[in-house]
Structures are given as C-alpha cells and as structure tokens.
Amino acid sequence: MLAGQLMDLRSMLHTQGVIFAYSGYVTEPVLSGVGEALKQKLTIDDADTKTLRSVFAIFVEQMQNMIRYSAEIVQTQPPPASDAVALMEIRYGILTIGREGDDYVVCAGNLIQRTDVERLRARLSKIRDMSKEELKALYKEKLRADPEQGSKGAGLGFMEIARRATRPIEFDFADIDGDHAFFALKATI
Amino acid sequence: MRDKLDIEPTSRTPAVAFDFVNNHLKISGESYPEDVTEFYGPVFSALDTYLGKLSKGTCRFDFELIYLNSSSAKAVMMLMDKLEAAANNGASVEVHWFYDKEDDTMQELGEEFGEDLEAAKFHLEKMAD
C-alpha cells in the first residue's frame, strides 16, 4: 500500500520526464541543496557548459520567485542559529526539472493573488513575444531602472529566464478560490 | 584606510580580493547570494572609501564571474557606476571582464556593462582555460 502509493507518484513524475521534483515550503537552503544536486546531475549527463549554466540560472530565478512571491505563506520561528527575533515567513511552491526529448525543462508553480493575474499575464506575454535583441534592450533598461513597487529583487528575473531559454517561455493560470490563482511558468533549454 | 578587503568564496558568493595598496581589485566565482544587500554592502563601502581617495591615481578592476543571478547583476552595475564615476573624477580606471568562452550569455552581459563605460576603459577577455 505505502510502496504502491509512492511508486505511483514517482511513476507519474517519471512518465512526464521529471528528474527532480520539489513541492513544499521553499527556503534559500533548499535552493542551495537542490541546486548542488542539479549541478551534479547535469555534469553526469555531460551537458555542455552553456546548457548547464542556463538550466542552473533558470532554476535559481524560478526558486527565488517562489521564495519571494508565492501567496501561500506560513509564519515560523527563525532557525535557532540565526539572531533574528521576529517570526519569519516561508512560502509554498512546486518546482520540477525534467527532460523533453533533448531539451531540459524547468517548471515552477505557486499561488498568487487573483488581482495580480492580469498584470503578470501582460508582463509575461510581452517578454515571451520579444526577440533576443528586444529582450537584451529591455533587460538593460530594467537594470538601470528602480525596482517596481512590490518587487523584492531587481525585477529582472523573468527576463533572465526568457534570455536563457532556447524556446519561448510558457505560462498559465488556474483559478483556486475567490482570492487566489495558481500560476505556472515553464522554461525550455 | 584598510590595505585590502579579502572575502573567501562560498558556493553562492564570489571571492573578493581588493588589493588597495597595489590598486588591483578583483571579484571572481559565482554570485547568487541569499541576500544581495548583505553581501555587497561591505564591498560597496570598501570600494567607496578607496575610490574616494584615489584622486588621479590608477586602478584596475577584474570581473571573473562564472555565473551571476539577476539581483547580483544589479549589484555589478552599481560597482561599474562607482568605477565610472571615479574615472570621471580624473582617475585612470581599467575594467576587465573575463568570460567563459563557452557561455555567450556572460559575454553579452559583459558587453552590456561595457557599453555604459565611457571614462573608464573596458576590456572584454576570454578566461584562460
């Protein structure tokens, strides 16, 4: 029963070509650990340098997006070793890395506020439809600009993903409840 | 002023070797820190102090980065801005960007940073094998 259930889950991922899957609360140490294992796997696969760096770079941006922006949040005590005193927030997300033919695919999904769906859709559509040259110009413009309201990074993450991907990025939204939607983003390398 | 700033590399942060006595500054390795501000804050302030006293002097800055995430790119741009400002104030500043020849993304990023340098001299070079 137990082995059967877990085998089913593993088989389902395997059928979809998934090599790595993480579903749960995402933290920076999770990024570090999974990232190291991912590098090792790409080295074993004998991926060329450019592919290795691109898969890794997209993985980092996808993980940091979930760590910073997922709308599924719990509050927790800081780790005992840290000197932080306030409660900290950790956020939930799902990330998979797999193969589709000769390509690598990195998918990430997390909850967002429904009110953010249209803004995000517009932003991602624009990035998806840009040529590499247009992306380069926009990247440079955003590098110089102040971060957008609500941004906790440089606001460059999606552009970095699109620039490193070898095919146009894919994204989708699904309604969850009155307040939340599920956001999924796929990058192919 | 301190003679140098040396920060050992970690899996997520680059090595920083600022040799202020010999006017040779270098950042090398990978950069995707948990907290960009926490890592680069001390680097910025050490560089500000040094450049503030450089006046008409000469300085060389080497970037030998294998990978940097998007928030680190912003930090690198701020380093470039500081170097350009020092050059505008009369210092002779040479910036060398080394890239892995097998990763043209890092080459392109170097070109993009280089386009914004006018007073500082920019050199784009392949890393040695």
# chains A, B, ... in the order shown; residues from 1 in each chain; ligands from 1
>>> residues_around(residues="region 62-76 of chain B", least_positions_apart="5", cutoff="6 Å", atoms="only C-alpha atoms", output="PyMOL selection string")
(chain A and resi 153-154+156-157) or (chain B and resi 26-32+96-98)
>>> interface_residues(of="chain A", to="chain B", cutoff="9 Å", atoms="only C-alpha atoms", output="list of chain:residue names")
A:Glu28, A:Pro29, A:Ser32, A:Glu36, A:Asp48, A:Thr49, A:Lys50, A:Thr51, A:Arg53, A:Ser54, A:Ala57, A:Val60, A:Glu61, A:Lys136, A:Lys140, A:Leu143, A:Arg144, A:Gly153, A:Ala154, A:Gly155, A:Leu156, A:Gly157, A:Met159, A:Glu160, A:Arg163, A:Arg164
>>> residues_around(residues="region 87-95 of chain A", least_positions_apart="2", cutoff="6 Å", atoms="only C-alpha atoms", output="list in words")
Ala21, Tyr22, Ser23, Gly24, Tyr25, Val26, Met66, Ile67, Ser70, Glu72, Ile73, Val74, Gln75, Thr76, Gln77, Pro78, Cys107, Ala108, Gly109 and Asn110 of chain A
>>> write_last_selection(atoms="C-alpha atoms", output="PDB file, in the first residue's frame")
ATOM      1  CA  ALA A  21      10.623  17.474  -8.085  1.00  0.00           C
ATOM      2  CA  TYR A  22      10.180  19.635  -5.028  1.00  0.00           C
ATOM      3  CA  SER A  23       6.779  20.511  -3.617  1.00  0.00           C
ATOM      4  CA  GLY A  24       6.687  22.256  -0.292  1.00  0.00           C
ATOM      5  CA  TYR A  25       7.858  25.297   1.585  1.00  0.00           C
ATOM      6  CA  VAL A  26      10.796  26.792  -0.277  1.00  0.00           C
ATOM      7  CA  MET A  66       8.641  31.312  -5.270  1.00  0.00           C
ATOM      8  CA  ILE A  67      10.652  32.149  -2.130  1.00  0.00           C
ATOM      9  CA  SER A  70       4.297  32.853  -3.531  1.00  0.00           C
ATOM     10  CA  GLU A  72       0.815  30.681   0.119  1.00  0.00           C
ATOM     11  CA  ILE A  73       2.549  31.694   3.317  1.00  0.00           C
ATOM     12  CA  VAL A  74       3.042  30.403   6.865  1.00  0.00           C
ATOM     13  CA  GLN A  75       4.795  32.160   9.684  1.00  0.00           C
ATOM     14  CA  THR A  76       7.506  30.309  11.542  1.00  0.00           C
ATOM     15  CA  GLN A  77      10.109  30.811  14.252  1.00  0.00           C
ATOM     16  CA  PRO A  78      13.536  31.788  12.901  1.00  0.00           C
ATOM     17  CA  CYS A 107       8.654  24.364 -14.354  1.00  0.00           C
ATOM     18  CA  ALA A 108       7.563  26.295 -11.288  1.00  0.00           C
ATOM     19  CA  GLY A 109       4.127  26.866  -9.802  1.00  0.00           C
ATOM     20  CA  ASN A 110       2.761  28.788  -6.864  1.00  0.00           C
TER      21      ASN A 110
END
>>> select_by_dssp(residues="region 10-52 of chain B", states="strand (DSSP E)", output="list in words")
Ala15, Val16, Ala17, Phe18, Asp19, His24, Leu25, Lys26, Ile27, Ser28, Gly29, Glu30 and Ser31 of chain B
>>> write_last_selection(atoms="N, CA and C atoms", output="PDB file, in the first residue's frame")
ATOM      1  N   ALA B  15      34.582  35.237  -4.659  1.00  0.00           N
ATOM      2  CA  ALA B  15      35.760  35.682  -3.917  1.00  0.00           C
ATOM      3  C   ALA B  15      35.960  37.163  -4.207  1.00  0.00           C
ATOM      4  N   VAL B  16      36.238  37.928  -3.153  1.00  0.00           N
ATOM      5  CA  VAL B  16      36.554  39.340  -3.333  1.00  0.00           C
ATOM      6  C   VAL B  16      37.995  39.536  -2.902  1.00  0.00           C
ATOM      7  N   ALA B  17      38.826  40.056  -3.802  1.00  0.00           N
ATOM      8  CA  ALA B  17      40.232  40.323  -3.478  1.00  0.00           C
ATOM      9  C   ALA B  17      40.544  41.756  -3.904  1.00  0.00           C
ATOM     10  N   PHE B  18      40.360  42.679  -2.971  1.00  0.00           N
ATOM     11  CA  PHE B  18      40.654  44.087  -3.236  1.00  0.00           C
ATOM     12  C   PHE B  18      42.019  44.399  -2.624  1.00  0.00           C
ATOM     13  N   ASP B  19      43.018  44.559  -3.470  1.00  0.00           N
ATOM     14  CA  ASP B  19      44.355  44.902  -3.004  1.00  0.00           C
ATOM     15  C   ASP B  19      44.527  46.410  -3.219  1.00  0.00           C
ATOM     16  N   HIS B  24      44.751  46.975  -7.325  1.00  0.00           N
ATOM     17  CA  HIS B  24      44.235  45.866  -8.132  1.00  0.00           C
ATOM     18  C   HIS B  24      43.077  45.202  -7.390  1.00  0.00           C
ATOM     19  N   LEU B  25      41.888  45.286  -7.985  1.00  0.00           N
ATOM     20  CA  LEU B  25      40.681  44.790  -7.335  1.00  0.00           C
ATOM     21  C   LEU B  25      40.078  43.681  -8.192  1.00  0.00           C
ATOM     22  N   LYS B  26      39.578  42.649  -7.532  1.00  0.00           N
ATOM     23  CA  LYS B  26      39.076  41.517  -8.304  1.00  0.00           C
ATOM     24  C   LYS B  26      37.897  40.842  -7.615  1.00  0.00           C
ATOM     25  N   ILE B  27      36.911  40.454  -8.440  1.00  0.00           N
ATOM     26  CA  ILE B  27      35.787  39.644  -7.962  1.00  0.00           C
ATOM     27  C   ILE B  27      35.703  38.428  -8.863  1.00  0.00           C
ATOM     28  N   SER B  28      35.676  37.222  -8.281  1.00  0.00           N
ATOM     29  CA  SER B  28      35.658  36.029  -9.125  1.00  0.00           C
ATOM     30  C   SER B  28      34.796  34.923  -8.536  1.00  0.00           C
ATOM     31  N   GLY B  29      34.189  34.144  -9.428  1.00  0.00           N
ATOM     32  CA  GLY B  29      33.403  32.995  -8.988  1.00  0.00           C
ATOM     33  C   GLY B  29      31.942  33.123  -9.331  1.00  0.00           C
ATOM     34  N   GLU B  30      31.090  32.582  -8.470  1.00  0.00           N
ATOM     35  CA  GLU B  30      29.656  32.599  -8.717  1.00  0.00           C
ATOM     36  C   GLU B  30      28.978  33.546  -7.740  1.00  0.00           C
ATOM     37  N   SER B  31      27.895  34.187  -8.199  1.00  0.00           N
ATOM     38  CA  SER B  31      27.197  35.132  -7.325  1.00  0.00           C
ATOM     39  C   SER B  31      25.687  34.953  -7.403  1.00  0.00           C
TER      40      SER B  31
END
>>> select_by_dssp(residues="chain B", states="helix (DSSP H, G or I)", output="MDAnalysis selection string")
chainID B and resid 36:52 70:88 104:115
>>> atom_distance(atom1="CA of Leu5 (chain B)", atom2="CA of Val43 (chain B)")
8.0 Å
>>> atom_distance(atom1="CA of Val30 (chain A)", atom2="CA of Gln62 (chain A)")
12.6 Å
>>> closest_residue(among="A:Ala165, A:Leu120, A:Leu135, A:Ile58", to="Thr96 (chain A)", atoms="only C-alpha atoms")
A:Ile58
>>> atom_distance(atom1="CA of Lys53 (chain B)", atom2="CA of Glu8 (chain B)")
25.3 Å
>>> closest_atom_pairs(of="region 83-118 of chain A", to="region 122-128 of chain A", cutoff="12 Å", atoms="only C-alpha atoms", output="Markdown table")
| residue | atom | partner | partner_atom | distance |
| --- | --- | --- | --- | --- |
| A:Asp116 | CA | A:Ala122 | CA | 10.2 |
| A:Val117 | CA | A:Ala122 | CA | 8.6 |
| A:Glu118 | CA | A:Ala122 | CA | 6.1 |
>>> closest_residue(among="A:Phe182, A:Phe171, A:Phe20, A:Tyr139", to="Ile97 (chain A)", atoms="only C-alpha atoms")
A:Phe20
